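Novice: Structure file target.tsv (TSV, C-alpha atoms) right here:
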chain	number	residue	atom	x	y	z
A	12	MET	CA	114.44	1.00	-2.13
A	13	ALA	CA	113.97	0.28	-5.82
A	14	VAL	CA	117.49	1.34	-6.78
A	15	SER	CA	118.97	-0.71	-3.93
A	16	LEU	CA	117.00	-3.78	-5.02
A	17	VAL	CA	118.10	-3.27	-8.63
A	18	ALA	CA	121.75	-3.12	-7.55
A	19	THR	CA	121.36	-6.27	-5.46
A	20	LEU	CA	119.80	-8.18	-8.35
A	21	LEU	CA	122.53	-6.93	-10.68
A	22	ALA	CA	125.09	-8.45	-8.30
A	23	VAL	CA	123.18	-11.73	-8.49
A	24	ALA	CA	123.23	-11.49	-12.29
A	25	ALA	CA	127.00	-10.89	-12.14
A	26	ASP	CA	127.36	-14.23	-10.29
A	27	GLN	CA	128.82	-12.58	-7.20
A	28	PRO	CA	129.03	-14.64	-3.98
A	29	PRO	CA	126.25	-14.05	-1.40
A	30	GLY	CA	128.45	-11.90	0.83
A	31	THR	CA	129.29	-9.56	-2.03
A	32	VAL	CA	125.64	-9.42	-3.11
A	33	ALA	CA	124.66	-8.31	0.40
A	34	LEU	CA	127.51	-5.80	0.49
A	35	VAL	CA	126.47	-4.26	-2.83
A	36	GLY	CA	122.89	-3.92	-1.61
A	37	THR	CA	123.80	-2.26	1.68
A	38	ALA	CA	126.39	0.04	0.10
A	39	VAL	CA	123.89	1.27	-2.47
A	40	ALA	CA	121.13	1.57	0.13
A	41	SER	CA	123.28	3.76	2.39
A	42	GLY	CA	124.20	5.92	-0.60
A	43	GLN	CA	120.55	6.29	-1.57
A	44	LEU	CA	119.78	7.49	1.95
A	45	THR	CA	122.30	10.31	1.54
A	46	VAL	CA	120.73	11.26	-1.80
A	47	GLY	CA	117.14	11.26	-0.55
A	48	TRP	CA	117.82	13.01	2.73
A	49	GLY	CA	120.24	15.44	1.07
A	50	ASN	CA	117.58	16.33	-1.47
A	51	ASP	CA	115.07	17.17	1.25
A	52	LEU	CA	117.64	19.27	3.13
A	53	VAL	CA	118.58	21.26	0.02
A	54	ASP	CA	114.98	21.74	-1.11
A	55	VAL	CA	113.41	22.60	2.26
A	56	ALA	CA	112.75	26.26	1.35
A	57	ARG	CA	111.35	25.28	-2.05
A	58	ASP	CA	109.16	22.58	-0.51
A	59	ARG	CA	107.76	25.04	2.01
A	60	ALA	CA	107.07	27.60	-0.71
A	61	THR	CA	105.11	25.06	-2.76
A	62	GLY	CA	103.36	23.45	0.23
A	63	ARG	CA	104.58	19.90	-0.41
A	64	PRO	CA	102.57	17.67	1.97
A	65	ASP	CA	104.95	14.71	1.55
A	66	LYS	CA	108.05	16.48	2.89
A	67	PRO	CA	108.47	16.03	6.67
A	68	ILE	CA	111.27	18.60	7.11
A	69	ALA	CA	109.33	21.30	5.28
A	70	ARG	CA	106.26	20.54	7.39
A	71	GLY	CA	108.25	20.74	10.61
A	72	LEU	CA	107.63	17.09	11.51
A	73	VAL	CA	111.33	16.20	11.53
A	74	PRO	CA	114.16	18.57	12.58
A	75	ALA	CA	116.60	19.44	9.81
A	76	ARG	CA	119.51	18.93	12.23
A	77	LEU	CA	118.43	15.33	12.85
A	78	VAL	CA	118.25	14.63	9.12
A	79	ALA	CA	121.64	16.26	8.55
A	80	GLY	CA	123.18	14.05	11.24
A	81	ALA	CA	121.59	10.94	9.80
A	82	THR	CA	122.85	11.91	6.35
A	83	GLY	CA	126.39	12.22	7.69
A	84	ILE	CA	126.21	8.79	9.34
A	85	ALA	CA	124.85	7.26	6.14
A	86	ALA	CA	127.65	8.90	4.15
A	87	VAL	CA	130.35	7.40	6.39
A	88	ALA	CA	128.70	3.98	6.19
A	89	CYS	CA	128.43	4.29	2.42
A	90	LEU	CA	132.13	5.13	2.07
A	91	VAL	CA	133.21	2.20	4.24
A	92	LEU	CA	130.89	-0.28	2.52
A	93	SER	CA	131.83	0.93	-0.96
A	94	LEU	CA	135.56	0.60	-0.27
A	95	ALA	CA	134.94	-2.93	0.97
A	96	LEU	CA	133.76	-3.80	-2.56
A	97	GLY	CA	137.17	-2.98	-4.02
A	98	TRP	CA	138.48	0.20	-5.59
A	99	ARG	CA	136.82	-0.31	-8.99
A	100	ALA	CA	133.31	-0.79	-7.64
A	101	ALA	CA	133.91	1.94	-5.05
A	102	LEU	CA	134.95	4.38	-7.77
A	103	ALA	CA	131.85	3.54	-9.82
A	104	HIS	CA	129.52	3.89	-6.83
A	105	LEU	CA	131.03	7.11	-5.51
A	106	THR	CA	130.84	8.60	-9.00
A	107	CYS	CA	127.14	7.71	-9.07
A	108	LEU	CA	126.67	9.54	-5.77
A	109	VAL	CA	128.67	12.60	-6.86
A	110	LEU	CA	126.39	12.86	-9.88
A	111	ALA	CA	123.26	12.43	-7.74
A	112	HIS	CA	124.32	15.11	-5.28
A	113	ALA	CA	125.38	17.42	-8.13
A	114	TYR	CA	121.80	17.10	-9.36
A	115	ASN	CA	120.45	18.03	-5.94
A	116	LEU	CA	122.84	20.95	-5.57
A	117	GLY	CA	122.15	22.67	-8.88
A	118	LEU	CA	122.12	20.61	-12.06
A	119	LYS	CA	118.40	19.97	-11.60
A	120	THR	CA	117.68	23.62	-12.39
A	121	GLY	CA	119.19	23.69	-15.89
A	122	PRO	CA	119.25	21.95	-19.26
A	123	TRP	CA	121.80	19.36	-18.07
A	124	SER	CA	119.44	17.92	-15.47
A	125	TRP	CA	119.36	14.61	-17.37
A	126	LEU	CA	123.11	14.05	-17.12
A	127	PRO	CA	123.29	12.84	-13.48
A	128	TYR	CA	120.51	10.32	-14.13
A	129	ALA	CA	122.17	9.02	-17.30
A	130	GLY	CA	125.57	8.75	-15.62
A	131	ALA	CA	124.43	7.30	-12.30
A	132	PHE	CA	122.04	4.71	-13.75
A	133	GLY	CA	124.52	3.88	-16.50
A	134	LEU	CA	127.27	3.23	-13.94
A	135	LEU	CA	125.07	1.26	-11.54
A	136	PRO	CA	125.77	-2.10	-13.26
A	137	ALA	CA	129.49	-1.50	-12.73
A	138	VAL	CA	128.97	-1.31	-8.97
A	139	ALA	CA	127.78	-4.92	-9.11
A	140	THR	CA	130.07	-6.37	-11.78
A	141	ALA	CA	133.29	-4.60	-10.75
A	142	ALA	CA	132.99	-5.65	-7.10
A	143	GLU	CA	135.56	-8.11	-5.84
A	144	PRO	CA	136.09	-11.03	-6.23
A	145	ALA	CA	134.31	-11.44	-9.62
A	146	THR	CA	135.68	-8.21	-11.04
A	147	ARG	CA	134.67	-7.27	-14.58
A	148	TRP	CA	133.18	-4.28	-16.35
A	149	PRO	CA	129.58	-4.46	-17.54
A	150	ALA	CA	128.67	-4.95	-21.18
A	151	TRP	CA	128.09	-1.79	-23.23
A	152	TRP	CA	124.42	-2.56	-23.72
A	153	ALA	CA	123.91	-2.84	-19.93
A	154	VAL	CA	125.42	0.63	-19.49
A	155	ALA	CA	123.30	2.00	-22.34
A	156	ALA	CA	120.16	0.40	-20.92
A	157	GLY	CA	120.88	1.90	-17.51
A	158	ALA	CA	121.45	5.36	-18.96
A	159	ALA	CA	118.23	5.23	-21.00
A	160	LEU	CA	116.31	4.01	-18.00
A	161	GLY	CA	117.76	6.78	-15.82
A	162	VAL	CA	116.82	9.60	-18.16
A	163	GLY	CA	113.35	8.12	-18.62
A	164	ALA	CA	112.92	7.95	-14.84
A	165	HIS	CA	114.08	11.56	-14.54
A	166	LEU	CA	111.48	12.75	-17.03
A	167	VAL	CA	108.54	10.99	-15.38
A	168	ASN	CA	109.71	11.86	-11.85
A	169	ALA	CA	109.53	15.56	-12.64
A	170	LEU	CA	106.05	15.49	-14.20
A	171	PRO	CA	103.94	15.99	-11.03
A	172	ASP	CA	106.02	18.99	-9.95
A	173	LEU	CA	106.48	20.89	-13.22
A	174	ALA	CA	104.34	23.88	-12.25
A	175	ASP	CA	105.73	24.15	-8.70
A	176	ASP	CA	109.29	23.79	-9.99
A	177	GLU	CA	108.80	26.56	-12.53
A	178	ARG	CA	107.65	28.92	-9.79
A	179	THR	CA	110.78	28.23	-7.74
A	180	GLY	CA	113.31	28.61	-10.57
A	181	VAL	CA	113.78	24.95	-11.60
A	182	ARG	CA	114.05	24.68	-15.40
A	183	GLY	CA	115.48	21.23	-16.09
A	184	LEU	CA	115.10	19.18	-19.25
A	185	PRO	CA	111.53	17.99	-18.43
A	186	HIS	CA	110.40	21.58	-17.93
A	187	ARG	CA	111.96	22.69	-21.21
A	188	LEU	CA	110.35	19.80	-23.09
A	189	GLY	CA	106.95	20.34	-21.53
A	190	ALA	CA	104.70	17.68	-20.04
A	191	ALA	CA	103.49	16.14	-23.31
A	192	ARG	CA	106.90	15.75	-24.97
A	193	ALA	CA	108.53	14.64	-21.71
A	194	ARG	CA	106.01	11.81	-21.37
A	195	VAL	CA	106.60	10.60	-24.91
A	196	ALA	CA	110.39	10.77	-24.54
A	197	ALA	CA	110.19	8.88	-21.22
A	198	ALA	CA	108.07	6.10	-22.70
A	199	VAL	CA	110.47	5.70	-25.64
A	200	LEU	CA	113.52	5.60	-23.35
A	201	LEU	CA	111.97	3.06	-20.98
A	202	ALA	CA	111.05	0.82	-23.89
A	203	ALA	CA	114.54	1.19	-25.40
A	204	ALA	CA	116.15	0.19	-22.10
A	205	SER	CA	114.05	-2.96	-21.98
A	206	VAL	CA	114.84	-3.92	-25.58
A	207	LEU	CA	118.55	-3.56	-24.80
A	208	ALA	CA	118.19	-5.69	-21.66
A	209	THR	CA	116.31	-8.35	-23.65
A	210	LEU	CA	118.38	-8.52	-26.82
A	211	GLY	CA	121.76	-7.45	-25.47
A	212	PRO	CA	122.73	-10.81	-23.89
A	213	GLY	CA	121.74	-12.65	-27.08
A	214	ASP	CA	119.36	-15.60	-27.54
A	215	PRO	CA	116.64	-14.39	-25.16
A	216	PRO	CA	114.19	-16.98	-23.78
A	217	ALA	CA	110.66	-16.96	-25.18
A	218	TRP	CA	109.16	-15.63	-21.97
A	219	ALA	CA	111.37	-12.53	-22.23
A	220	PHE	CA	109.08	-11.23	-24.93
A	221	ALA	CA	106.16	-11.54	-22.52
A	222	VAL	CA	108.16	-9.30	-20.18
A	223	LEU	CA	108.45	-6.80	-23.03
A	224	VAL	CA	104.64	-6.78	-23.25
A	225	ALA	CA	104.53	-5.92	-19.52
A	226	VAL	CA	107.10	-3.19	-20.15
A	227	ALA	CA	104.92	-1.81	-22.94
A	228	LEU	CA	101.97	-1.60	-20.52
A	229	LEU	CA	104.12	0.11	-17.89
A	230	SER	CA	105.43	2.52	-20.52
A	231	LEU	CA	101.79	3.34	-21.26
A	232	VAL	CA	101.34	4.17	-17.56
A	233	ALA	CA	104.38	6.45	-17.83
A	234	LEU	CA	102.81	8.05	-20.89
A	235	ARG	CA	99.29	8.48	-19.54
A	236	GLY	CA	99.42	8.11	-15.76
A	237	ALA	CA	98.93	10.87	-13.22
A	238	GLY	CA	100.76	11.87	-10.02
A	239	ARG	CA	103.60	9.56	-8.95
A	240	TRP	CA	102.36	6.59	-10.98
A	241	PRO	CA	104.61	7.27	-14.00
A	242	PHE	CA	107.70	7.20	-11.75
A	243	ARG	CA	106.52	4.01	-10.06
A	244	ALA	CA	106.03	2.51	-13.51
A	245	ALA	CA	109.60	3.51	-14.43
A	246	MET	CA	110.98	1.77	-11.34
A	247	ALA	CA	108.91	-1.33	-12.16
A	248	VAL	CA	110.46	-1.33	-15.64
A	249	ALA	CA	113.89	-1.17	-14.02
A	250	LEU	CA	113.13	-4.23	-11.91
A	251	LEU	CA	111.80	-6.15	-14.91
A	252	ASP	CA	114.95	-5.27	-16.87
A	253	VAL	CA	117.12	-6.64	-14.08
A	254	VAL	CA	115.02	-9.81	-13.94
A	255	LEU	CA	115.83	-10.26	-17.63
A	256	LEU	CA	119.54	-9.82	-16.88
A	257	VAL	CA	119.43	-12.29	-13.99
A	258	ALA	CA	117.61	-14.88	-16.11
A	259	SER	CA	120.09	-14.49	-18.95
A	260	GLY	CA	123.09	-14.72	-16.63
A	261	ALA	CA	124.46	-11.53	-18.18
Please, can you express the file's structure as structure tokens?

Specialist:
Amino acid sequence: MAVSLVATLLAVAADQPPGTVALVGTAVASGQLTVGWGNDLVDVARDRATGRPDKPIARGLVPARLVAGATGIAAVACLVLSLALGWRAALAHLTCLVLAHAYNLGLKTGPWSWLPYAGAFGLLPAVATAAEPATRWPAWWAVAAGAALGVGAHLVNALPDLADDERTGVRGLPHRLGAARARVAAAVLLAAASVLATLGPGDPPAWAFAVLVAVALLSLVALRGAGRWPFRAAMAVALLDVVLLVASGA
């Protein structure tokens, strides 16, 4: 939901017409469904082994066949909606999804686990700006901000599951860094993304610096919070960064 809202707001910031804004939002939402459901399908054995209470397939509450069918329908919808945005935006979005599914299918277990997050979040602005009719590529600082935000989100998202992941053979970047260093790196990356979103467009409004104060507080949650709160803080930072982009017209 957060990623879909970010993409929608990015389309607003890119001055896309309302129809294109809605199309970007629904295309990204359908793609996110394939990523989330695909993740649960791939990880069902691991989730059962670690007793994850928040995974309906692993708990037997939802049949895997039903989820697989829904994932297939979402994938078809995503392809159709993405192509309707034009080939440039479609290429950017489908590349994002290839990276996300590559993470689910194996990259999450090794030292390159950060790469899909950097690539997918870095390309997300292009889905909005390259869509027809107002086709253009995003500014470099928007891509850099997205990549930094993505890697930061990856680090904090893995924190609650480090021990369970280790037991099931997952040794991504957060696991290799360890909890303490991963938290610090995540906080630095989230702050860096926000500074880029604030200063990148040039001549930021005075209130933008108040947003940076809010980002600093959320980065503190990422640094010190427990459970899923650091990841929620990372998504809140993403939304604040997009608000800055919308306000600047970048």

Novice: A:Leu207, A:Val46, A:Leu90, A:Arg235: which is nearest Val253 of chain A, counting all atoms listed in the file?

Specialist: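 For Val253 of chain A, the nearest of the candidates is A:Leu207.
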
Novice: Taking into account only C-alpha atoms, which residue in the set A:Ala219, A:Ala249, A:Leu108, A:Leu170 is nearest to Leu21 of chain A?

Specialist: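 Checking each candidate against Leu21 of chain A, we get A:Ala249 as the closest.
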
Novice: Just to confirm, what's the straight-line distance from atom CA of Thr45 of chain A to atom CA of Gly83 of chain A in Å (one decimal)?

Specialist: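 The value is 7.6 Å.
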
Novice: Counting all atoms listed in the file, find residues at most 12 Å from (118.2, 18.9, -12.2) (file frame) and give them as a VMD selection string.

Specialist: chain A and resid 50 54 110 to 129 162 165 to 166 168 to 169 173 176 180 to 187

Novice: May I have the residues within 12 Å of Leu210 of chain A as a ChimeraX atom specification, using only C-alpha atoms and disregarding those fewer than 2 positions away in the same chain?

Specialist: /A:152-153,156,203-208,212-217,219-220,223,252,255-256,259,261

Novice: Pick the closest to Ala227 of chain A from A:Val199, A:Ala56, A:Ala141, A:Met246: which is it, counting only C-alpha atoms?

Specialist: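 Once distances to Ala227 of chain A are computed over only C-alpha atoms, the minimum belongs to A:Val199.
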
Novice: Can you find the residues with an atom no farther than 8 Å from (101.8, 12.2, -12.0), counting all atoms listed in the file, and report them as a ChimeraX atom specification?

Specialist: /A:167-168,170-171,236-242

Novice: Quote the spacing between atom CA of Gly30 of chain A and atom CA of His104 of chain A in Å to one decimal place.

Specialist: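 Taking atom CA of Gly30 of chain A as the start and atom CA of His104 of chain A as the end point, the length is 17.6 Å.
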
Novice: Counting all atoms listed in the file, figure out which residue out of A:Leu135, A:Ala145, A:Ala81, A:Leu52 gets nearest to Leu102 of chain A.

Specialist: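 For Leu102 of chain A, the nearest of the given residues is A:Leu135.
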
Novice: Work out how far atom CA of Arg243 of chain A is from atom CA of Thr31 of chain A, in Å to one decimal.

Specialist: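 The value is 27.7 Å.
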
Novice: Calculated over all atoms listed in the file, which of the candidates A:Leu188, A:Ala193, A:Ala60, A:Leu200 has the smallest distance to Ala155 of chain A?

Specialist: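 Checking each candidate against Ala155 of chain A, we get A:Leu200 as the closest.
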
Novice: So which residues touch Trp98 of chain A within 12 Å, counting all atoms listed in the file, skipping near sequence neighbours fewer than 6 positions away, as a list in words?

Specialist: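 The residues satisfying every condition are Leu90, Val91, Leu92, His104, Leu105, Thr106, Ala137, Val138, Ala141, Ala142, Glu143, Pro144 and Thr146 of chain A.
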
Novice: Can I get the selection written as a short mmCIF file (atom, residue, chain, number, x, y, z; two decimals), keeping the file's coordinate frame, with C-alpha atoms?

Specialist:
data_model
loop_
_atom_site.label_atom_id
_atom_site.label_comp_id
_atom_site.auth_asym_id
_atom_site.auth_seq_id
_atom_site.Cartn_x
_atom_site.Cartn_y
_atom_site.Cartn_z
CA LEU A 90 132.13 5.13 2.07
CA VAL A 91 133.21 2.20 4.24
CA LEU A 92 130.89 -0.28 2.52
CA HIS A 104 129.52 3.89 -6.83
CA LEU A 105 131.03 7.11 -5.51
CA THR A 106 130.84 8.60 -9.00
CA ALA A 137 129.49 -1.50 -12.73
CA VAL A 138 128.97 -1.31 -8.97
CA ALA A 141 133.29 -4.60 -10.75
CA ALA A 142 132.99 -5.65 -7.10
CA GLU A 143 135.56 -8.11 -5.84
CA PRO A 144 136.09 -11.03 -6.23
CA THR A 146 135.68 -8.21 -11.04
#

Novice: From the set A:Arg99, A:Pro136, A:Val14, A:Leu229, which residue has the shortest atom-to-atom contact distance to Gly42 of chain A, counting all atoms listed in the file?

Specialist: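 Closest residue, counting all atoms listed in the file: A:Val14.
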
Novice: So that I can see what lies close to Leu228 of chain A, please list as JSON, numbers by chain the residues with an atom at most 12 Å from it, counting only C-alpha atoms and leaving out residues fewer than 5 positions away in the same chain.

Specialist: {"A": [198, 201, 202, 221, 222, 223, 233, 234, 235, 236, 241, 244, 245, 247, 248]}

Novice: Name all residues at most 12 Å from Arg76 of chain A (count all atoms listed in the file; drop same-chain ones fewer than 3 positions away) and give them as a list in words.

Specialist: Trp48, Gly49, Asp51, Leu52, Ile68, Gly71, Val73, Ala79, Gly80, Ala81, Thr82 and Gly83 of chain A
